[in-house]
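Asker: As input, take protein29.txt (compact mmCIF, C-alpha atoms):
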# COMPACT_ATOMS: atom_id res chain seq x y z
CA MET A 1126 -21.83 -12.48 202.91
CA ALA A 1127 -22.33 -15.75 201.11
CA THR A 1128 -25.20 -14.19 199.14
CA ALA A 1129 -22.97 -11.29 198.05
CA ILE A 1130 -20.36 -13.68 196.71
CA ILE A 1131 -22.94 -15.67 194.78
CA VAL A 1132 -24.42 -12.49 193.26
CA GLU A 1133 -20.97 -11.30 192.20
CA ALA A 1134 -20.20 -14.62 190.57
CA ALA A 1135 -23.54 -14.45 188.77
CA VAL A 1136 -22.74 -10.98 187.40
CA ASP A 1137 -19.43 -12.20 186.06
CA ARG A 1138 -21.08 -15.25 184.60
CA ALA A 1139 -23.57 -13.07 182.75
CA ALA A 1140 -20.73 -10.87 181.46
CA LEU A 1141 -18.76 -13.92 180.39
CA PHE A 1142 -21.80 -15.38 178.65
CA GLU A 1143 -22.24 -12.10 176.71
CA PHE A 1144 -18.59 -12.12 175.68
CA LEU A 1145 -18.68 -15.75 174.54
CA LEU A 1146 -21.83 -15.09 172.50
CA ARG A 1147 -20.01 -12.25 170.76
CA MET A 1148 -17.06 -14.44 169.84
CA GLY A 1149 -19.33 -17.26 168.68
CA ASP A 1150 -21.83 -15.08 166.83
CA ASN A 1151 -19.12 -13.20 164.90
CA ALA A 1152 -17.73 -16.51 163.68
CA LEU A 1153 -21.17 -17.96 162.95
CA ILE A 1154 -22.60 -15.03 161.00
CA LEU A 1155 -19.44 -14.38 158.99
CA GLY A 1156 -19.07 -18.11 158.38
CA HIS A 1157 -22.63 -18.18 157.07
CA ARG A 1158 -22.01 -15.18 154.80
CA LEU A 1159 -18.93 -16.89 153.34
CA SER A 1160 -20.84 -20.11 152.79
CA GLU A 1161 -23.20 -18.15 150.51
CA TRP A 1162 -20.31 -18.05 148.01
CA CYS A 1163 -20.16 -21.84 147.80
CA GLY A 1164 -20.52 -22.69 144.09
CA HIS A 1165 -20.51 -19.00 143.07
CA ALA A 1166 -16.94 -17.75 143.57
CA PRO A 1167 -15.06 -16.40 140.52
CA ALA A 1168 -12.59 -19.32 140.44
CA LEU A 1169 -12.59 -22.85 141.81
CA GLU A 1170 -9.62 -22.13 144.11
CA GLU A 1171 -11.40 -19.11 145.57
CA ASP A 1172 -14.58 -21.10 146.04
CA ILE A 1173 -12.70 -23.78 147.97
CA ALA A 1174 -10.74 -21.26 150.00
CA LEU A 1175 -13.88 -19.42 151.11
CA ALA A 1176 -15.68 -22.64 151.96
CA ASN A 1177 -12.69 -23.73 154.03
CA THR A 1178 -12.54 -20.39 155.82
CA ALA A 1179 -16.27 -20.69 156.55
CA LEU A 1180 -15.66 -24.19 157.88
CA ASP A 1181 -12.95 -22.96 160.25
CA LEU A 1182 -15.26 -20.20 161.49
CA ILE A 1183 -18.20 -22.52 162.05
CA GLY A 1184 -15.90 -24.93 163.88
CA GLN A 1185 -14.81 -22.07 166.12
CA THR A 1186 -18.48 -21.18 166.63
CA GLN A 1187 -19.06 -24.63 168.09
CA LEU A 1188 -16.25 -24.09 170.58
CA TRP A 1189 -17.33 -20.58 171.66
CA LEU A 1190 -21.06 -21.27 171.81
CA GLY A 1191 -20.42 -24.63 173.47
CA LEU A 1192 -18.58 -22.85 176.25
CA ALA A 1193 -21.24 -20.11 176.35
CA GLY A 1194 -23.92 -22.72 176.99
CA GLU A 1195 -21.78 -24.31 179.69
CA VAL A 1196 -21.19 -20.96 181.41
CA GLU A 1197 -24.86 -20.02 181.20
CA GLY A 1198 -25.75 -23.23 183.00
CA ARG A 1199 -29.24 -23.60 181.56
CA GLY A 1200 -28.46 -26.69 179.55
CA ARG A 1201 -28.35 -24.97 176.16
CA SER A 1202 -25.99 -26.53 173.62
CA ALA A 1203 -24.04 -24.74 170.88
CA ASP A 1204 -26.76 -25.86 168.44
CA ASP A 1205 -29.54 -24.49 170.67
CA LEU A 1206 -27.78 -21.13 170.81
CA ALA A 1207 -27.11 -21.03 167.07
CA TYR A 1208 -30.50 -22.21 165.88
CA LEU A 1209 -33.01 -21.10 168.47
CA ARG A 1210 -32.19 -17.51 169.34
CA ASP A 1211 -33.84 -14.55 167.65
CA ALA A 1212 -32.04 -11.60 166.09
CA ARG A 1213 -32.18 -9.42 169.22
CA GLU A 1214 -30.26 -12.09 171.13
CA PHE A 1215 -27.39 -12.20 168.63
CA ARG A 1216 -24.24 -10.32 169.61
CA ASN A 1217 -22.22 -10.26 166.37
CA LEU A 1218 -20.59 -7.13 164.95
CA LEU A 1219 -22.68 -5.43 162.26
CA LEU A 1220 -19.69 -5.82 159.92
CA THR A 1221 -20.14 -9.59 159.82
CA GLU A 1222 -23.74 -9.35 158.59
CA ARG A 1223 -22.97 -6.92 155.73
CA PRO A 1224 -24.03 -8.43 152.40
CA ASN A 1225 -21.28 -10.07 150.35
CA GLY A 1226 -21.37 -7.64 147.43
CA ASP A 1227 -18.81 -8.48 144.76
CA TYR A 1228 -15.83 -10.68 145.45
CA GLY A 1229 -13.60 -7.73 146.25
CA LYS A 1230 -16.05 -6.45 148.84
CA THR A 1231 -16.24 -9.87 150.46
CA MET A 1232 -12.44 -9.95 150.71
CA MET A 1233 -12.30 -6.41 152.10
CA ARG A 1234 -14.85 -7.31 154.79
CA GLN A 1235 -12.85 -10.43 155.51
CA PHE A 1236 -9.58 -8.54 155.84
CA LEU A 1237 -11.02 -5.90 158.19
CA PHE A 1238 -12.51 -8.67 160.33
CA ASP A 1239 -9.50 -11.03 160.15
CA ALA A 1240 -7.15 -8.28 161.33
CA TRP A 1241 -9.37 -7.72 164.39
CA HIS A 1242 -9.92 -11.45 164.91
CA TYR A 1243 -6.17 -12.08 164.82
CA VAL A 1244 -5.46 -9.33 167.37
CA VAL A 1245 -8.26 -10.29 169.78
CA LEU A 1246 -7.35 -13.99 169.68
CA LYS A 1247 -3.72 -13.17 170.37
CA ALA A 1248 -4.81 -11.30 173.51
CA LEU A 1249 -7.20 -14.09 174.51
CA ARG A 1250 -4.43 -16.68 174.41
CA ALA A 1251 -3.26 -15.04 177.66
CA SER A 1252 -6.76 -15.11 179.21
CA SER A 1253 -6.92 -15.93 182.92
CA ASP A 1254 -9.72 -18.37 182.01
CA ALA A 1255 -8.00 -21.50 180.70
CA ARG A 1256 -11.08 -22.52 178.69
CA ILE A 1257 -10.94 -19.24 176.75
CA ALA A 1258 -7.17 -19.43 176.31
CA GLU A 1259 -7.29 -22.90 174.76
CA ILE A 1260 -10.02 -22.02 172.26
CA ALA A 1261 -8.08 -18.87 171.35
CA GLU A 1262 -4.89 -20.87 170.86
CA LYS A 1263 -6.66 -23.27 168.53
CA ALA A 1264 -8.52 -20.58 166.60
CA SER A 1265 -5.57 -18.24 166.19
CA LYS A 1266 -3.66 -20.86 164.22
CA GLU A 1267 -6.50 -20.97 161.71
CA VAL A 1268 -7.08 -17.23 161.69
CA SER A 1269 -3.44 -16.45 160.92
CA TYR A 1270 -4.03 -18.27 157.60
CA HIS A 1271 -7.26 -16.34 157.02
CA LEU A 1272 -5.50 -13.03 157.60
CA GLU A 1273 -2.56 -13.89 155.40
CA ARG A 1274 -4.91 -14.74 152.56
CA SER A 1275 -7.38 -11.83 152.85
CA ARG A 1276 -4.51 -9.35 153.25
CA ASP A 1277 -2.83 -10.74 150.15
CA LEU A 1278 -6.03 -10.45 148.08
CA VAL A 1279 -6.80 -6.91 149.28
CA ILE A 1280 -3.30 -5.91 148.16
CA ARG A 1281 -3.54 -7.70 144.81
CA LEU A 1282 -6.97 -6.28 144.00
CA GLY A 1283 -6.23 -2.83 145.40
CA ASP A 1284 -2.91 -2.52 143.61
CA GLY A 1285 -4.42 -4.12 140.52
CA THR A 1286 -6.24 -2.68 137.52
CA ALA A 1287 -8.01 0.69 137.58
CA GLU A 1288 -11.31 -1.22 137.78
CA SER A 1289 -10.29 -3.48 140.67
CA GLN A 1290 -8.70 -0.58 142.52
CA ALA A 1291 -11.85 1.54 142.23
CA ARG A 1292 -14.03 -1.33 143.43
CA MET A 1293 -11.78 -2.03 146.42
CA GLN A 1294 -11.76 1.63 147.41
CA GLU A 1295 -15.56 1.69 147.20
CA ALA A 1296 -15.77 -1.48 149.31
CA LEU A 1297 -13.44 0.03 151.90
CA ASP A 1298 -15.41 3.30 152.04
CA ASP A 1299 -18.68 1.36 152.44
CA LEU A 1300 -17.41 -0.96 155.17
CA TRP A 1301 -15.27 1.46 157.16
CA PRO A 1302 -18.18 2.88 159.23
CA TYR A 1303 -18.77 -0.66 160.52
CA THR A 1304 -15.25 -1.08 161.95
CA GLY A 1305 -15.56 1.30 164.92
CA GLU A 1306 -17.85 -1.11 166.74
CA MET A 1307 -14.98 -3.56 167.22
CA PHE A 1308 -13.40 -1.20 169.74
CA VAL A 1309 -16.46 -0.02 171.66
CA SER A 1310 -16.65 -1.24 175.26
CA GLU A 1311 -19.92 -2.50 176.67
CA THR A 1312 -20.56 -2.56 180.42
CA SER A 1313 -20.03 -6.31 180.39
CA ASP A 1314 -16.45 -5.81 179.15
CA GLU A 1315 -15.27 -4.12 182.34
CA PRO A 1316 -15.46 -7.01 184.82
CA LEU A 1317 -13.87 -9.33 182.26
CA GLY A 1318 -11.03 -6.90 181.62
CA ALA A 1319 -10.47 -6.46 185.34
CA ALA A 1320 -10.35 -10.23 185.85
CA GLY A 1321 -7.87 -10.68 182.97
CA MET A 1322 -10.37 -12.88 181.13
CA ALA A 1323 -10.72 -10.77 177.98
CA PRO A 1324 -9.07 -7.56 176.76
CA GLU A 1325 -10.84 -4.21 176.83
CA PRO A 1326 -11.93 -3.69 173.20
CA GLN A 1327 -10.24 -0.29 173.00
CA SER A 1328 -6.88 -1.84 173.86
CA LEU A 1329 -6.86 -3.71 170.53
CA LYS A 1330 -7.19 -0.63 168.34
CA ALA A 1331 -3.54 0.42 167.99
CA GLU A 1332 -2.44 -2.97 166.69
CA TRP A 1333 -5.44 -3.27 164.37
CA ASP A 1334 -4.83 0.24 163.03
CA ALA A 1335 -1.21 -0.58 162.30
CA LEU A 1336 -2.02 -3.87 160.55
CA VAL A 1337 -4.74 -2.29 158.43
CA ALA A 1338 -2.83 0.89 157.59
CA GLU A 1339 0.18 -1.08 156.41
CA ALA A 1340 -1.86 -3.34 154.11
CA LEU A 1341 -3.98 -0.50 152.72
CA SER A 1342 -0.89 1.47 151.92
CA GLU A 1343 0.59 -1.47 150.03
CA ALA A 1344 -2.76 -1.91 148.30
CA THR A 1345 -2.63 1.77 147.20
CA LEU A 1346 -5.99 2.36 148.90
CA LYS A 1347 -6.90 5.46 150.86
CA LYS A 1348 -7.89 4.86 154.46
CA PRO A 1349 -11.20 6.64 155.06
CA ALA A 1350 -11.52 9.22 157.81
CA ASP A 1351 -13.09 8.00 161.05
CA GLY A 1352 -16.53 9.60 160.77
CA HIS A 1353 -19.82 8.28 162.08
CA MET A 1354 -19.52 4.65 163.18
CA HIS A 1355 -22.51 2.30 163.23
CA LYS A 1356 -22.94 0.21 166.33
CA GLY A 1357 -25.46 -1.90 168.19
CA GLY A 1358 -24.65 -5.45 167.15
CA LYS A 1359 -22.91 -6.22 170.42
CA ARG A 1360 -26.13 -5.23 172.24
CA GLY A 1361 -28.45 -7.08 169.87
CA ILE A 1362 -29.50 -4.08 167.75
CA HIS A 1363 -28.93 -5.31 164.22
CA THR A 1364 -29.42 -4.19 160.64
CA GLU A 1365 -32.24 -5.70 158.60
CA HIS A 1366 -29.79 -8.20 157.08
CA LEU A 1367 -29.49 -10.41 160.16
CA GLY A 1368 -33.14 -11.47 160.01
CA TYR A 1369 -32.69 -12.79 156.47
CA ILE A 1370 -29.52 -14.63 157.47
CA LEU A 1371 -31.28 -16.28 160.41
CA ALA A 1372 -34.30 -17.19 158.29
CA GLU A 1373 -32.01 -19.29 156.13
CA LEU A 1374 -29.64 -20.49 158.86
CA GLN A 1375 -32.37 -21.51 161.29
CA PHE A 1376 -35.05 -22.71 158.89
CA LEU A 1377 -34.58 -26.43 159.45
CA GLN A 1378 -34.66 -26.32 163.25
CA ARG A 1379 -37.59 -23.89 163.24
CA ALA A 1380 -39.64 -25.94 160.78
CA TYR A 1381 -38.70 -29.35 162.17
CA PRO A 1382 -37.81 -28.80 165.84
CA GLY A 1383 -35.18 -31.21 167.12
CA ALA A 1384 -34.45 -32.67 163.67
CA THR A 1385 -31.20 -34.62 163.50
CA TRP A 1386 -29.36 -36.47 160.75
CA MET B 976 -12.59 -60.41 187.63
CA VAL B 977 -13.40 -58.39 184.55
CA THR B 978 -10.55 -55.97 185.15
CA ALA B 979 -8.02 -58.80 185.09
CA THR B 980 -8.78 -59.53 181.43
CA ARG B 981 -8.97 -56.01 180.11
CA PRO B 982 -6.40 -55.30 177.39
CA SER B 983 -3.36 -53.21 178.19
CA VAL B 984 -3.09 -49.59 177.15
CA LYS B 985 -0.12 -50.56 174.99
CA GLU B 986 -2.22 -53.08 173.09
CA ILE B 987 -4.97 -50.50 172.58
CA TRP B 988 -2.48 -48.04 171.10
CA HIS B 989 -1.60 -50.76 168.56
CA TRP B 990 -5.26 -51.17 167.66
CA LEU B 991 -5.70 -47.43 167.25
CA ALA B 992 -2.65 -47.37 164.98
CA GLU B 993 -4.77 -49.37 162.53
CA VAL B 994 -7.64 -46.86 162.41
CA PRO B 995 -7.19 -44.90 159.18
CA ASP B 996 -7.81 -41.18 158.84
CA PRO B 997 -11.10 -40.91 156.89
CA GLU B 998 -9.77 -38.26 154.48
CA ILE B 999 -6.24 -39.59 154.01
CA PRO B 1000 -6.54 -43.34 154.58
CA VAL B 1001 -2.81 -44.07 154.12
CA VAL B 1002 -2.14 -42.59 157.55
CA SER B 1003 -3.70 -43.62 160.86
CA VAL B 1004 -5.20 -41.50 163.60
CA THR B 1005 -2.15 -42.17 165.76
CA ASP B 1006 0.24 -41.30 162.88
CA LEU B 1007 -1.37 -37.87 162.79
CA GLY B 1008 -1.04 -37.37 166.52
CA ILE B 1009 -4.79 -36.93 166.98
CA VAL B 1010 -4.98 -39.49 169.80
CA ARG B 1011 -3.43 -37.79 172.84
CA ASP B 1012 -4.08 -40.30 175.60
CA VAL B 1013 -5.48 -43.75 176.33
CA ALA B 1014 -6.34 -44.75 179.90
CA TRP B 1015 -8.68 -46.97 181.86
CA ASP B 1016 -11.17 -45.37 184.23
CA GLY B 1017 -12.51 -48.42 186.05
CA ASP B 1018 -14.07 -50.56 183.32
CA THR B 1019 -14.39 -47.64 180.93
CA LEU B 1020 -11.69 -46.94 178.39
CA VAL B 1021 -11.04 -43.21 178.03
CA VAL B 1022 -9.54 -42.10 174.72
CA THR B 1023 -8.51 -38.45 174.52
CA VAL B 1024 -8.54 -36.94 171.04
CA THR B 1025 -7.71 -33.48 169.73
CA PRO B 1026 -9.21 -31.94 166.59
CA THR B 1027 -6.89 -30.99 163.71
CA TYR B 1028 -8.93 -27.95 162.61
CA SER B 1029 -11.91 -26.62 164.62
CA GLY B 1030 -14.37 -27.25 161.81
CA CYS B 1031 -12.85 -30.37 160.28
CA PRO B 1032 -15.82 -32.60 159.35
CA ALA B 1033 -13.54 -35.64 159.71
CA THR B 1034 -13.44 -35.13 163.49
CA THR B 1035 -16.87 -36.69 163.99
CA VAL B 1036 -16.06 -39.54 161.62
CA ILE B 1037 -12.77 -40.16 163.43
CA ASN B 1038 -14.61 -40.43 166.77
CA ILE B 1039 -17.08 -42.93 165.29
CA ASP B 1040 -14.25 -44.93 163.70
CA ILE B 1041 -12.34 -45.10 166.99
CA GLU B 1042 -15.44 -46.25 168.88
CA GLN B 1043 -16.19 -48.82 166.19
CA ALA B 1044 -12.64 -50.19 166.14
CA LEU B 1045 -12.59 -50.58 169.92
CA SER B 1046 -16.03 -52.12 169.95
CA ASP B 1047 -14.88 -54.64 167.30
CA LYS B 1048 -12.05 -55.60 169.67
CA GLY B 1049 -14.61 -56.34 172.37
CA ILE B 1050 -14.32 -53.21 174.49
CA GLU B 1051 -17.80 -52.50 175.80
CA SER B 1052 -17.44 -49.13 177.44
CA VAL B 1053 -15.56 -46.32 175.70
CA ARG B 1054 -15.60 -42.63 176.54
CA LEU B 1055 -14.09 -40.14 174.10
CA GLU B 1056 -12.81 -36.89 175.56
CA ARG B 1057 -11.86 -33.81 173.59
CA ARG B 1058 -8.66 -32.00 174.48
CA LEU B 1059 -7.99 -28.62 172.89
CA SER B 1060 -4.76 -27.71 174.62
CA PRO B 1061 -2.01 -27.95 173.57
CA ALA B 1062 -3.53 -27.27 170.15
CA TRP B 1063 -2.79 -29.85 167.49
CA THR B 1064 0.30 -29.17 165.43
CA THR B 1065 1.59 -30.85 162.29
CA ASP B 1066 4.86 -31.36 164.22
CA TRP B 1067 3.11 -34.34 165.84
CA ILE B 1068 2.89 -36.15 162.52
CA SER B 1069 5.33 -39.05 162.68
CA THR B 1070 8.30 -39.45 160.34
CA GLU B 1071 6.76 -42.64 159.00
CA ALA B 1072 3.50 -40.81 158.28
CA ARG B 1073 5.36 -38.05 156.45
CA ARG B 1074 6.86 -40.67 154.15
CA LYS B 1075 3.42 -42.25 153.63
CA LEU B 1076 1.87 -38.88 152.80
CA ASN B 1077 4.59 -38.19 150.24
CA ASP B 1078 4.11 -41.61 148.62
CA TYR B 1079 0.38 -40.92 148.47
CA GLY B 1080 1.03 -37.70 146.53
CA ILE B 1081 0.66 -35.19 149.37
CA ALA B 1082 3.73 -33.12 150.21
CA PRO B 1083 4.17 -33.43 153.99
CA PRO B 1084 4.26 -30.35 156.22
CA ILE B 1085 7.59 -28.75 157.01
CA ASP B 1086 8.87 -30.62 160.06
CA GLY B 1087 8.91 -28.07 162.86
CA THR B 1088 11.02 -30.34 165.03
CA ALA B 1089 13.91 -30.25 162.53
CA ALA B 1090 16.65 -27.66 162.91
CA ASP B 1091 15.56 -25.76 159.81
CA GLY B 1092 11.86 -26.16 160.52
CA ARG B 1093 11.43 -23.89 163.53
CA LEU B 1094 8.42 -21.64 163.56
CA LEU B 1095 10.32 -18.50 162.60
CA LYS B 1096 11.71 -20.17 159.49
CA ARG B 1097 8.25 -21.36 158.54
CA ILE B 1098 6.84 -17.87 158.89
CA GLU B 1099 9.71 -16.54 156.78
CA ARG B 1100 8.93 -19.18 154.20
CA LEU B 1101 5.32 -18.08 154.02
CA SER B 1102 6.47 -14.56 153.25
CA GLY B 1103 9.06 -15.78 150.75
CA GLY B 1104 11.97 -14.93 153.04
CA SER B 1105 13.28 -18.41 153.76
CA ASP B 1106 14.79 -21.08 151.57
CA LEU B 1107 12.77 -23.88 153.17
CA THR B 1108 11.29 -25.72 150.23
CA ILE B 1109 8.28 -27.84 149.51
CA ALA B 1110 9.31 -30.67 147.24
CA CYS B 1111 7.03 -32.11 144.56
CA PRO B 1112 5.87 -35.52 145.86
CA ARG B 1113 6.05 -36.95 142.33
CA CYS B 1114 9.40 -35.85 140.88
CA GLY B 1115 11.08 -34.42 143.98
CA SER B 1116 11.81 -31.05 142.38
CA THR B 1117 11.88 -28.10 144.76
CA ARG B 1118 10.88 -25.67 142.01
CA THR B 1119 7.28 -25.50 143.22
CA GLU B 1120 4.75 -22.71 143.60
CA LYS B 1121 1.58 -22.12 145.61
CA ILE B 1122 -1.65 -21.99 143.59
CA SER B 1123 -4.07 -21.56 146.48
CA GLN B 1124 -3.72 -21.49 150.23
CA PHE B 1125 -6.64 -23.88 150.66
CA GLY B 1126 -6.89 -27.23 148.91
CA SER B 1127 -9.39 -30.06 148.99
CA THR B 1128 -9.55 -29.96 152.80
CA PRO B 1129 -8.79 -27.19 155.33
CA CYS B 1130 -5.46 -28.80 156.21
CA LYS B 1131 -4.07 -28.69 152.69
CA ALA B 1132 -2.91 -26.06 150.19
CA ASN B 1133 -2.70 -26.35 146.41
CA TYR B 1134 0.76 -26.35 144.85
CA ARG B 1135 2.18 -26.93 141.40
CA CYS B 1136 5.52 -28.35 140.35
CA ARG B 1137 7.29 -26.11 137.84
CA ASP B 1138 9.35 -29.01 136.51
CA CYS B 1139 6.91 -31.89 136.00
CA LEU B 1140 4.00 -29.39 135.91
CA GLU B 1141 1.79 -31.59 138.09
CA PRO B 1142 -0.46 -29.94 140.67
CA PHE B 1143 -0.31 -31.45 144.16
CA ASP B 1144 -1.61 -31.03 147.70
CA TYR B 1145 0.67 -29.70 150.41
CA PHE B 1146 -0.24 -30.49 154.01
CA LYS B 1147 0.06 -27.05 155.64
CA CYS B 1148 1.97 -26.73 158.86
CA ILE B 1149 0.06 -25.32 161.80
Could you quickly redo this structure as structure tokens?
Answerer:
Amino acid sequence: MATAIIVEAAVDRAALFEFLLRMGDNALILGHRLSEWCGHAPALEEDIALANTALDLIGQTQLWLGLAGEVEGRGRSADDLAYLRDAREFRNLLLTERPNGDYGKTMMRQFLFDAWHYVVLKALRASSDARIAEIAEKASKEVSYHLERSRDLVIRLGDGTAESQARMQEALDDLWPYTGEMFVSETSDEPLGAAGMAPEPQSLKAEWDALVAEALSEATLKKPADGHMHKGGKRGIHTEHLGYILAELQFLQRAYPGATW
Amino acid sequence: MVTATRPSVKEIWHWLAEVPDPEIPVVSVTDLGIVRDVAWDGDTLVVTVTPTYSGCPATTVINIDIEQALSDKGIESVRLERRLSPAWTTDWISTEARRKLNDYGIAPPIDGTAADGRLLKRIERLSGGSDLTIACPRCGSTRTEKISQFGSTPCKANYRCRDCLEPFDYFKCI
């Protein structure tokens, strides 16, 4: 009997670890992508805004991966998880590893992600796990600013010049097939949903759809049809881009193990 | 007895009130509401701090500054604990600190504890639907406009005064 209880707890711990990696890895990989704009954005204000958004996301990464390491119970810190895992062990959405493209494409990717991030964090604020709820409460304050800003820019660029509108539509069409993955349930989602720790991914879709549809309509952009959707990121099957991101992100700790400053 | 000579919690709060924020040195860490609790655990002083923004680089510096200030006062054993909940809000910034921010050239956040500063009003303001105003810290005019949602640090936005034409930082409310 005692053994059965321990095994059950271990299963839930593994599921929780998976979930926390996903939250942390989404923030880490997107934060890294945004940091690539540092010094290259089209205007100083935009440069600063993206760097600050990246900073928020990397701060949130520390909270999620810190808790992941604690739950895993093998003594791995947030830094260990960020710097010493290989691509197959990363659990981020494929959307977050898409290349930046032009500025409009970066903002479109940001908006599609922010809308999901906002909705999932709102649900997580009511998590039965107090540690998750408090990180979600903290992060959702920051993410509401991210969403406000990316939504505003998608509308301004979409409902802008013929050139900006065409580029935003192209960005949307390119990125849309990477949005379906947000709402796909993995086996590890079920026990967490049942325990009230994290929402079933599918349950977030209606609110995300409404948020996105409303902004796209104001932006005079045409919402693409839901065709084939790429997936795999949540199970560690990534596009070729993640390897390049990790090569840069992890270089220092790989080349000089344990380096501190 | 060592414990008989240890300083009171009240005295320690006074010391912490002299530790400046590393980014905005006119206000202290207690002015900003970052220090949530001070208590003795045996001979160890436990200071509970909350981060302003998850990724704020000042958080680490603030922790070092607090440890240094307490060490300078002769406290040998300090433990810093992080508390995330309730999440930090600009409503915890003291009235005195709001005045100091304004004098320093940073428009203070809308005071959420005031009757017209409740969350709903602030959200309406963000969408242009409320008459809550952000006054220029230099000339006091309320004819101001947002230039960028993010300023020199994550906690600030860029604004411009349409009367004196000076740009200024606005400490965003969260």
Asker: Quick one: pull the distance between atom CA of A:Leu1249 and atom CA of A:Ala1323, Å, one decimal.
Answerer: 6.0 Å
Asker: Give me, as a list of chain:residue names, all polymer residues having an atom no more than 9 Å from B:Val1024, counting all atoms listed in the file and skipping those fewer than 3 positions away in the same chain.
Answerer: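 The contact residues come out as B:Gly1008, B:Ile1009, B:Val1010, B:Arg1011, B:Asp1012, B:Asn1038, B:Leu1055, B:Glu1056, B:Arg1057, B:Arg1058, B:Leu1059.
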Asker: Give me a file of those residues, with C-alpha atoms, as an mmCIF file, in the frame of the given file.
Answerer:
data_model
loop_
_atom_site.group_PDB
_atom_site.id
_atom_site.type_symbol
_atom_site.label_atom_id
_atom_site.label_comp_id
_atom_site.auth_asym_id
_atom_site.auth_seq_id
_atom_site.Cartn_x
_atom_site.Cartn_y
_atom_site.Cartn_z
ATOM 1 C CA GLY B 1008 -1.040 -37.370 166.520
ATOM 2 C CA ILE B 1009 -4.790 -36.930 166.980
ATOM 3 C CA VAL B 1010 -4.980 -39.490 169.800
ATOM 4 C CA ARG B 1011 -3.430 -37.790 172.840
ATOM 5 C CA ASP B 1012 -4.080 -40.300 175.600
ATOM 6 C CA ASN B 1038 -14.610 -40.430 166.770
ATOM 7 C CA LEU B 1055 -14.090 -40.140 174.100
ATOM 8 C CA GLU B 1056 -12.810 -36.890 175.560
ATOM 9 C CA ARG B 1057 -11.860 -33.810 173.590
ATOM 10 C CA ARG B 1058 -8.660 -32.000 174.480
ATOM 11 C CA LEU B 1059 -7.990 -28.620 172.890
#
Asker: Name all residues at most 6 Å from B:Asn1133 (count all atoms listed in the file; drop same-chain ones fewer than 5 positions away) and give them as a ChimeraX atom specification.
Answerer: /B:1122-1123,1126,1144
Asker: Compute the set of chain B residues within 9 Å of chain A, using only C-alpha atoms, and express it as a list in words.
Answerer: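 The selection requested is Tyr1028, Ser1029, Gly1030, Cys1031, Pro1032, Leu1059, Ser1060, Pro1061, Ala1062, Trp1063, Ile1122, Ser1123, Gln1124, Phe1125, Gly1126, Ser1127, Thr1128, Pro1129, Asn1133 and Ile1149 of chain B.
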Asker: Determine, counting all atoms listed in the file, which protein, DNA and RNA residues have an atom within 7 Å of an atom of A:Glu1325; residues of the same chain fewer than 3 positions away are not included. Present the result as a list in words.
Answerer: Ser1310, Asp1314, Gly1318 and Ser1328 of chain A
Asker: Write out as number ranges by chain the residues lying within 9 Å of A:Lys1348, counting all atoms listed in the file and excluding same-chain residues fewer than 3 positions away.
Answerer: A: 1294, 1297-1298, 1301, 1337-1338, 1341-1342, 1351
Asker: Kindly export the residues of the current selection with C-alpha atoms, as a PDB file, keeping the file's coordinate frame.
Answerer:
ATOM      1  CA  GLN A1294     -11.760   1.630 147.410  1.00  0.00           C
ATOM      2  CA  LEU A1297     -13.440   0.030 151.900  1.00  0.00           C
ATOM      3  CA  ASP A1298     -15.410   3.300 152.040  1.00  0.00           C
ATOM      4  CA  TRP A1301     -15.270   1.460 157.160  1.00  0.00           C
ATOM      5  CA  VAL A1337      -4.740  -2.290 158.430  1.00  0.00           C
ATOM      6  CA  ALA A1338      -2.830   0.890 157.590  1.00  0.00           C
ATOM      7  CA  LEU A1341      -3.980  -0.500 152.720  1.00  0.00           C
ATOM      8  CA  SER A1342      -0.890   1.470 151.920  1.00  0.00           C
ATOM      9  CA  ASP A1351     -13.090   8.000 161.050  1.00  0.00           C
TER      10      ASP A1351
END
Asker: For B:Gln1043, which residue among B:Asp1066, B:Tyr1145, B:Asp1018, B:Val994 is the nearest when counting only C-alpha atoms?
Answerer: B:Val994
Asker: To one decimal place in Å, what is the distance between atom CA of B:Val1021 and atom CA of B:Val984?
Answerer: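 Interatomic distance here is 10.2 Å.
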Asker: Given the choices B:Pro995, B:Arg1113, B:Gly1049, B:Thr1019, which gets closest to B:Tyr1079 if the distance is worked out from all atoms listed in the file?
Answerer: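 Comparing B:Pro995, B:Arg1113, B:Gly1049, B:Thr1019 against B:Tyr1079, the winner is B:Arg1113.
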Asker: Counting only C-alpha atoms, what is within 7 Å of A:Glu1222, bar same-chain residues fewer than 2 positions away, as a PyMOL selection string?
Answerer: chain A and resi 1154-1155+1219-1220+1224+1366-1367
Asker: Please write the residues from the selection above to a file, keeping C-alpha atoms, as an mmCIF file, in the coordinates of the input.
Answerer:
data_model
loop_
_atom_site.group_PDB
_atom_site.id
_atom_site.type_symbol
_atom_site.label_atom_id
_atom_site.label_comp_id
_atom_site.auth_asym_id
_atom_site.auth_seq_id
_atom_site.Cartn_x
_atom_site.Cartn_y
_atom_site.Cartn_z
ATOM 1 C CA ILE A 1154 -22.600 -15.030 161.000
ATOM 2 C CA LEU A 1155 -19.440 -14.380 158.990
ATOM 3 C CA LEU A 1219 -22.680 -5.430 162.260
ATOM 4 C CA LEU A 1220 -19.690 -5.820 159.920
ATOM 5 C CA PRO A 1224 -24.030 -8.430 152.400
ATOM 6 C CA HIS A 1366 -29.790 -8.200 157.080
ATOM 7 C CA LEU A 1367 -29.490 -10.410 160.160
#
Asker: For a quick check of understanding, using all atoms listed in the file, which of A:Tyr1228, A:Phe1376, A:Tyr1369, A:Phe1238 has the smallest distance to A:Leu1282?
Answerer: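 Between A:Tyr1228, A:Phe1376, A:Tyr1369, A:Phe1238, the residue approaching A:Leu1282 most closely is A:Tyr1228.
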